[in-house]
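Here's the structure, in structure tokens; my notes come after.
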Amino acid sequence: MDVLNALKRRIKQIVRPPKYRILEKPETQIERIVRRDMAPEPVRSIKLILHATDSVVADVNDSWIFKFPRREYCAAQLEKEARVLAYFGKRVSLAMPRMTIHPKGYFRSRHAKIPGEILTAEGYDSLTPDRREALAESLALFFAQMHATPLADAAALNLERRMPWKPAREIVAEVE
């Protein structure tokens, strides 16, 4: 039965080859790819983040992020993410990653890591009132700039939703 299933998969690959080349064993393949992509810059550290759902993430030298999609659908989502970041990166004042897509060989994305820390509840609680106000103003400006985007321009990004929205009353009930 395993031979038959393998044969069926191979026939499917020949008849309808995948658009993206996905890593088979990310933990063993990523270092070689990253070292080649980073040359001539030395690679001092590679931290793999394996718990992400759509991609295996490599934090390189604590300054670069590489994403290796787990499936073809995830590769298409990475392409979409790169388009969205490029589009809004020109329209908002808050720092956004400048992601590049690398389709040759194994499909991956790469972007410089934005300096800073993840804001946790404890971190927020430790902020002074002035710092909280500045953070709120930065986020408000970001959302205002995002929402100032003309719908026709945003529609050109071809961003269909993964799943249909729940009815508003269900969303509100969950939030409450």
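Residues in the structure tokens are named by chain (A, B, ... in the order shown) and by number from 1 within that chain; ligands are numbered from 1 in the order shown.
Excluding A:Thr100 and any residue on its chain fewer than 3 positions from it, the residues at most 7 Å away by only C-alpha atoms are Ala82, Ser109, Arg110 and His111 of chain A.
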When you look at A:Phe68 with a cut-off of 6 Å (counting only C-alpha atoms), what residues show up, excluding the ones that are within fewer than 5 positions of it in the same chain? I need them as a PyMOL selection string.
chain A and resi 55-56+108
Save the residues we just selected, all heavy atoms, as a PDB file, in the first residue's frame?
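Heads up, here's the output in out.pdb:
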ATOM      1  N   SER A  55       5.105  28.458   8.892  1.00  0.00           N
ATOM      2  CA  SER A  55       6.499  28.470   8.448  1.00  0.00           C
ATOM      3  C   SER A  55       7.436  28.027   9.563  1.00  0.00           C
ATOM      4  O   SER A  55       7.114  28.162  10.740  1.00  0.00           O
ATOM      5  CB  SER A  55       6.924  29.878   8.021  1.00  0.00           C
ATOM      6  OG  SER A  55       6.172  30.332   6.929  1.00  0.00           O
ATOM      7  N   VAL A  56       8.598  27.549   9.159  1.00  0.00           N
ATOM      8  CA  VAL A  56       9.711  27.394  10.087  1.00  0.00           C
ATOM      9  C   VAL A  56      10.488  28.699   9.965  1.00  0.00           C
ATOM     10  O   VAL A  56      10.814  29.135   8.854  1.00  0.00           O
ATOM     11  CB  VAL A  56      10.600  26.191   9.716  1.00  0.00           C
ATOM     12  CG1 VAL A  56      11.832  26.142  10.606  1.00  0.00           C
ATOM     13  CG2 VAL A  56       9.811  24.897   9.806  1.00  0.00           C
ATOM     14  N   ARG A 108      11.521  30.769   0.166  1.00  0.00           N
ATOM     15  CA  ARG A 108      11.709  31.380   1.468  1.00  0.00           C
ATOM     16  C   ARG A 108      11.545  32.891   1.358  1.00  0.00           C
ATOM     17  O   ARG A 108      11.579  33.447   0.268  1.00  0.00           O
ATOM     18  CB  ARG A 108      13.080  31.042   2.039  1.00  0.00           C
ATOM     19  CG  ARG A 108      14.219  31.584   1.196  1.00  0.00           C
ATOM     20  CD  ARG A 108      15.482  30.760   1.372  1.00  0.00           C
ATOM     21  NE  ARG A 108      16.541  31.171   0.472  1.00  0.00           N
ATOM     22  CZ  ARG A 108      16.606  30.817  -0.817  1.00  0.00           C
ATOM     23  NH1 ARG A 108      15.680  30.075  -1.367  1.00  0.00           N
ATOM     24  NH2 ARG A 108      17.611  31.221  -1.563  1.00  0.00           N
TER      25      ARG A 108
END
Members of stretch 9-138 of chain A assigned alpha helix (DSSP H) by DSSP, as a PyMOL selection string
chain A and resi 9-15+26-38+72-89+121-125+129-138
Any chance you could tabulate, as a tab-separated table, the residues of stretch 55-137 of chain A at most 9 Å from stretch 28-36 of chain A with each one's nearest atom pair and distance in Å to one decimal, using only C-alpha atoms, in chain and rising number order?
residue	atom	partner	partner_atom	distance
A:Ala58	CA	A:Ile30	CA	7.8
A:Val60	CA	A:Val34	CA	8.0
A:Phe66	CA	A:Val34	CA	8.0
A:Phe68	CA	A:Ile30	CA	8.3
A:Tyr106	CA	A:Ile33	CA	8.3
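Using only C-alpha atoms for every distance, the candidate list A:Phe143, A:Trp64, A:Trp165, A:Tyr73 yields A:Tyr73 as the residue closest to A:Phe107.
As for atom CA of A:Ser45 and atom CA of A:Glu72, they are spaced 27.6 Å apart.
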For the interface of stretch 10-116 of chain A with stretch 147-155 of chain A (cut-off 10 Å, counting only C-alpha atoms), please tabulate each contacting residue of stretch 10-116 of chain A alongside its nearest pair of atoms and their separation in Å to one decimal, rows sorted by chain and increasing number, as CSV.
residue,atom,partner,partner_atom,distance
A:Val84,CA,A:Ala154,CA,8.9
A:Tyr87,CA,A:Ala154,CA,8.7
A:Phe88,CA,A:Thr149,CA,8.6
A:Arg91,CA,A:Thr149,CA,8.0
A:Val92,CA,A:Ala148,CA,9.8
Run DSSP on the backbone of this structure and report the residues of stretch 60-154 of chain A it assigns to strand (DSSP E), as a ChimeraX atom specification.
/A:60,64-69,100-102,108-112
Take the residues from that selection and put them in a file with C-alpha atoms, as a short mmCIF file (atom, residue, chain, number, x, y, z; two decimals), in the first residue's frame.
data_model
loop_
_atom_site.label_atom_id
_atom_site.label_comp_id
_atom_site.auth_asym_id
_atom_site.auth_seq_id
_atom_site.Cartn_x
_atom_site.Cartn_y
_atom_site.Cartn_z
CA VAL A 60 19.88 34.75 12.00
CA TRP A 64 17.61 38.73 10.03
CA ILE A 65 14.42 36.68 9.81
CA PHE A 66 14.03 33.89 7.25
CA LYS A 67 10.70 32.12 6.80
CA PHE A 68 10.48 28.69 5.18
CA PRO A 69 6.84 27.75 4.47
CA THR A 100 12.03 39.85 0.01
CA ILE A 101 10.87 36.60 -1.54
CA HIS A 102 13.41 34.07 -2.76
CA ARG A 108 11.71 31.38 1.47
CA SER A 109 11.39 34.97 2.56
CA ARG A 110 13.92 37.21 4.26
CA HIS A 111 13.78 40.53 6.06
CA ALA A 112 15.83 42.56 8.49
#
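The nearest approach to A:Lys90 among the residues A:Ile22, A:Met146, A:Ala134, A:Ala168, with only C-alpha atoms taken into account, belongs to A:Met146.
Candidate residues A:Leu48, A:Lys166, A:Leu94, A:Ile114 were compared for distance to A:Leu135, and the nearest is A:Leu94, using only C-alpha atoms.
The space separating atom CA of A:Ala76 from atom CA of A:Leu157 comes to 13.1 Å.
Atom CA of A:Asn61 sits 6.3 Å away from atom CA of A:Val43.
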